[in-house]
Amino acid sequence: MLWLIVIIILLVVGAVVFYISTYNNMVKSRNWTDEAWSQIDVQLKRRNDLIPNLVSTVKGYAKHEQDTLEKVIKMRNQLVATPADNRQATMAVSNQLTDSLKSIFALSESYPDLKADAEFTKLMEELTNTENKIAYARQLFNSSATRYNNQIQTFPGNILAGAHNFQKTAYLETPVEEKSAPKVSFE
């Protein structure tokens with residue numbers, strides 16, 4: 001009879017340890033996902049801080065390109081105004097801003113003096129590095145979200161996730177226009 005009580009106590013202790021361990025792993029994964037998002041946020045802020053300097057540098061050379069500059073400023077301001085907790089909206093506006101920045105990159109081809117300007121070159125390098133960091137941070141976020149989602153959707157984690165209201169994290173999607181192959185013409 002004593003050995004039966006010992007076995008029951010060991011099973012209960014084992015179950016409690018398993019429960020606590022599984023719960024803590026879900027919390028850690030959720031925190032890693034949140035931390036990965038904050039890395040994206042940091043890089044978006046860095047890019048937003050670089051844009052006014054880039055726009056003021058380009059203004060002096062490309063007075064006829066006011067529409068392009070205004071579009072970049074508008075998208076930057078829209079990104080700053082987007083609520084921080086709306087990840088999909090933030091990334092949608094960020095993608096539009098990236099497209100607008102590509103227009104400024106293209107301006108340098110039309111204005112050789114601008115292309116030769118050291119400040120412009122430095123800002124372009126900074127923005128390119130920042131865009132690369134944003135891309136990496138997006139990959140890290142999606143990897144973290146996959147790990148977290150796997151933990152809360154597979155057995156036995158799904159039972160604990162349901163009991164403690166853990167919610168699935170949405171992945172950051174690549175816009176459809178960026179998925180299509182670029183049109184190339186050799187004419």
# chains A, B, ... in the order shown; residues from 1 in each chain; ligands from 1
>>> closest_atom_pairs(of="segment 82-135 of chain A", to="segment 35-54 of chain A", cutoff="8 Å", atoms="only C-alpha atoms", output="JSON lines")
{"residue": "A:Ser94", "atom": "CA", "partner": "A:Leu44", "partner_atom": "CA", "distance": 7.7}
{"residue": "A:Phe120", "atom": "CA", "partner": "A:Leu54", "partner_atom": "CA", "distance": 6.7}
{"residue": "A:Leu123", "atom": "CA", "partner": "A:Leu54", "partner_atom": "CA", "distance": 6.2}
{"residue": "A:Met124", "atom": "CA", "partner": "A:Leu54", "partner_atom": "CA", "distance": 7.9}
{"residue": "A:Glu126", "atom": "CA", "partner": "A:Leu50", "partner_atom": "CA", "distance": 7.9}
{"residue": "A:Leu127", "atom": "CA", "partner": "A:Arg47", "partner_atom": "CA", "distance": 6.4}
{"residue": "A:Thr130", "atom": "CA", "partner": "A:Gln43", "partner_atom": "CA", "distance": 6.3}
{"residue": "A:Glu131", "atom": "CA", "partner": "A:Arg47", "partner_atom": "CA", "distance": 7.8}
{"residue": "A:Lys133", "atom": "CA", "partner": "A:Gln43", "partner_atom": "CA", "distance": 6.7}
{"residue": "A:Ile134", "atom": "CA", "partner": "A:Ile40", "partner_atom": "CA", "distance": 5.8}
>>> write_last_selection(atoms="all heavy atoms", output="short mmCIF file (atom, residue, chain, number, x, y, z; two decimals), in the first residue's frame")
data_model
loop_
_atom_site.label_atom_id
_atom_site.label_comp_id
_atom_site.auth_asym_id
_atom_site.auth_seq_id
_atom_site.Cartn_x
_atom_site.Cartn_y
_atom_site.Cartn_z
N SER A 94 5.45 49.95 -43.98
CA SER A 94 6.90 49.83 -44.15
C SER A 94 7.26 49.38 -45.57
O SER A 94 8.20 49.89 -46.17
CB SER A 94 7.47 48.85 -43.13
OG SER A 94 8.84 48.64 -43.38
N PHE A 120 25.13 61.90 -49.54
CA PHE A 120 24.09 61.06 -50.13
C PHE A 120 24.55 59.60 -50.17
O PHE A 120 23.79 58.69 -49.81
CB PHE A 120 23.76 61.55 -51.55
CG PHE A 120 22.74 60.70 -52.26
CD1 PHE A 120 21.39 60.82 -51.94
CD2 PHE A 120 23.11 59.78 -53.22
CE1 PHE A 120 20.44 60.04 -52.58
CE2 PHE A 120 22.17 59.00 -53.86
CZ PHE A 120 20.83 59.13 -53.55
N LEU A 123 24.35 58.14 -46.70
CA LEU A 123 22.96 57.89 -46.31
C LEU A 123 22.39 56.68 -47.05
O LEU A 123 21.66 55.87 -46.47
CB LEU A 123 22.10 59.13 -46.57
CG LEU A 123 22.31 60.30 -45.63
CD1 LEU A 123 21.64 61.55 -46.16
CD2 LEU A 123 21.78 59.97 -44.25
N MET A 124 22.74 56.55 -48.32
CA MET A 124 22.26 55.40 -49.09
C MET A 124 22.81 54.10 -48.52
O MET A 124 22.09 53.10 -48.43
CB MET A 124 22.64 55.55 -50.57
CG MET A 124 21.95 56.70 -51.27
SD MET A 124 20.16 56.59 -51.22
CE MET A 124 19.91 55.31 -52.38
N GLU A 126 23.73 53.63 -45.40
CA GLU A 126 23.04 53.43 -44.12
C GLU A 126 21.65 52.85 -44.34
O GLU A 126 21.23 51.92 -43.64
CB GLU A 126 22.92 54.75 -43.36
CG GLU A 126 24.22 55.28 -42.80
CD GLU A 126 24.58 54.62 -41.48
OE1 GLU A 126 23.69 54.14 -40.78
OE2 GLU A 126 25.78 54.60 -41.18
N LEU A 127 20.92 53.41 -45.31
CA LEU A 127 19.57 52.91 -45.58
C LEU A 127 19.60 51.48 -46.12
O LEU A 127 18.77 50.66 -45.74
CB LEU A 127 18.85 53.83 -46.57
CG LEU A 127 18.20 55.04 -45.94
CD1 LEU A 127 17.74 56.03 -47.00
CD2 LEU A 127 17.02 54.65 -45.08
N THR A 130 20.24 49.26 -43.26
CA THR A 130 19.05 49.19 -42.42
C THR A 130 17.99 48.31 -43.06
O THR A 130 17.34 47.51 -42.39
CB THR A 130 18.50 50.60 -42.14
OG1 THR A 130 19.54 51.36 -41.49
CG2 THR A 130 17.28 50.56 -41.25
N GLU A 131 17.80 48.43 -44.37
CA GLU A 131 16.83 47.58 -45.07
C GLU A 131 17.23 46.10 -44.93
O GLU A 131 16.37 45.24 -44.74
CB GLU A 131 16.74 47.96 -46.56
CG GLU A 131 16.07 49.29 -46.82
CD GLU A 131 14.60 49.34 -46.44
OE1 GLU A 131 13.91 48.29 -46.47
OE2 GLU A 131 14.11 50.43 -46.09
N LYS A 133 18.90 44.84 -42.43
CA LYS A 133 18.62 44.48 -41.03
C LYS A 133 17.13 44.26 -40.82
O LYS A 133 16.73 43.37 -40.05
CB LYS A 133 19.15 45.56 -40.08
CG LYS A 133 20.66 45.58 -40.01
CD LYS A 133 21.15 46.71 -39.14
CE LYS A 133 22.67 46.75 -39.12
NZ LYS A 133 23.19 47.87 -38.34
N ILE A 134 16.30 45.04 -41.48
CA ILE A 134 14.85 44.85 -41.38
C ILE A 134 14.48 43.48 -41.96
O ILE A 134 13.69 42.74 -41.36
CB ILE A 134 14.08 45.98 -42.09
CG1 ILE A 134 14.24 47.29 -41.32
CG2 ILE A 134 12.60 45.63 -42.26
CD1 ILE A 134 13.74 48.52 -42.06
#
>>> closest_atom_pairs(of="segment 40-108 of chain A", to="segment 168-174 of chain A", cutoff="10 Å", atoms="only C-alpha atoms", output="JSON lines")
{"residue": "A:Arg87", "atom": "CA", "partner": "A:Leu172", "partner_atom": "CA", "distance": 8.1}
{"residue": "A:Gln88", "atom": "CA", "partner": "A:Leu172", "partner_atom": "CA", "distance": 6.9}
{"residue": "A:Met91", "atom": "CA", "partner": "A:Leu172", "partner_atom": "CA", "distance": 7.5}
{"residue": "A:Ala92", "atom": "CA", "partner": "A:Glu173", "partner_atom": "CA", "distance": 9.1}
{"residue": "A:Asn95", "atom": "CA", "partner": "A:Thr174", "partner_atom": "CA", "distance": 8.8}
>>> atom_distance(atom1="atom CA of Thr121 of chain A", atom2="atom CA of Thr82 of chain A")
29.3 Å
>>> closest_residue(among="A:Ile152, A:Lys71, A:Leu140, A:Ala62", to="His164 of chain A", atoms="only C-alpha atoms")
A:Ile152
>>> select_by_dssp(residues="segment 104-171 of chain A", states="alpha helix (DSSP H)", output="PyMOL selection string")
chain A and resi 104-110+112-116+118-153+157-163
>>> atom_distance(atom1="atom CA of Asn31 of chain A", atom2="atom CA of Val16 of chain A")
22.4 Å
>>> residues_around(residues="Lys102 of chain A", least_positions_apart="3", cutoff="12 Å", atoms="only C-alpha atoms", output="list in words")
Thr68, Leu69, Lys71, Val72, Asn95, Gln96, Leu97, Thr98, Asp99, Phe105, Ala106, Leu107, Ser108, Glu109, Met124, Leu127, Thr128 and Glu131 of chain A
>>> atom_distance(atom1="atom CA of Glu119 of chain A", atom2="atom CA of Ile73 of chain A")
18.8 Å
>>> residues_around(residues="Arg147 of chain A", least_positions_apart="6", cutoff="9 Å", atoms="only C-alpha atoms", output="list in words")
Ser29, Arg30 and Thr33 of chain A
